[in-house]
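Report on the following structure.
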Amino acid sequence: MALQALRADPSHLDKIASLFDAYRGFYGQPSNLTQSRDFIAERIARD
């Protein structure tokens, strides 16, 4: 199975934010999808 990596762009924001929020939950942080989305959006904008 081949793995394809791509650079995230704003069209991916909602999916990445949801995944990041789940990652935070795995490590005991409370769910906050708005905060997760803002965090990811800021990082995508920097790139």
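Quick note on naming: the chains in the structure tokens go A, B, ... in the order shown, residues restart at 1 in each chain, and ligands are numbered from 1 in order of appearance.
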Original post:
Which neighbours of A:Ile16 fall inside 12 Å, counting only C-alpha atoms, when residues of the same chain fewer than 2 positions from it are skipped, and could you give them as JSON, numbers by chain?
Top reply: {"A": [7, 8, 9, 10, 11, 12, 13, 14, 18, 19, 20, 21, 22, 23, 33, 36, 37, 38, 39, 40, 41, 43, 44]}
Original post:
If you measure from atom CA of A:Ala45 to atom CA of A:Asn32, what distance in Å do you get, rounded to one decimal?
Top reply: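 A separation of 20.2 Å between them.
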Original post:
Per DSSP on the backbone, what are the helix (DSSP H, G or I) residues of chain A, as JSON, numbers by chain?
Top reply: {"A": [10, 11, 12, 13, 14, 15, 16, 17, 18, 19, 20, 21, 22, 23, 24, 25, 26, 33, 34, 35, 36, 37, 38, 39, 40, 41, 42, 43, 44, 45, 46]}
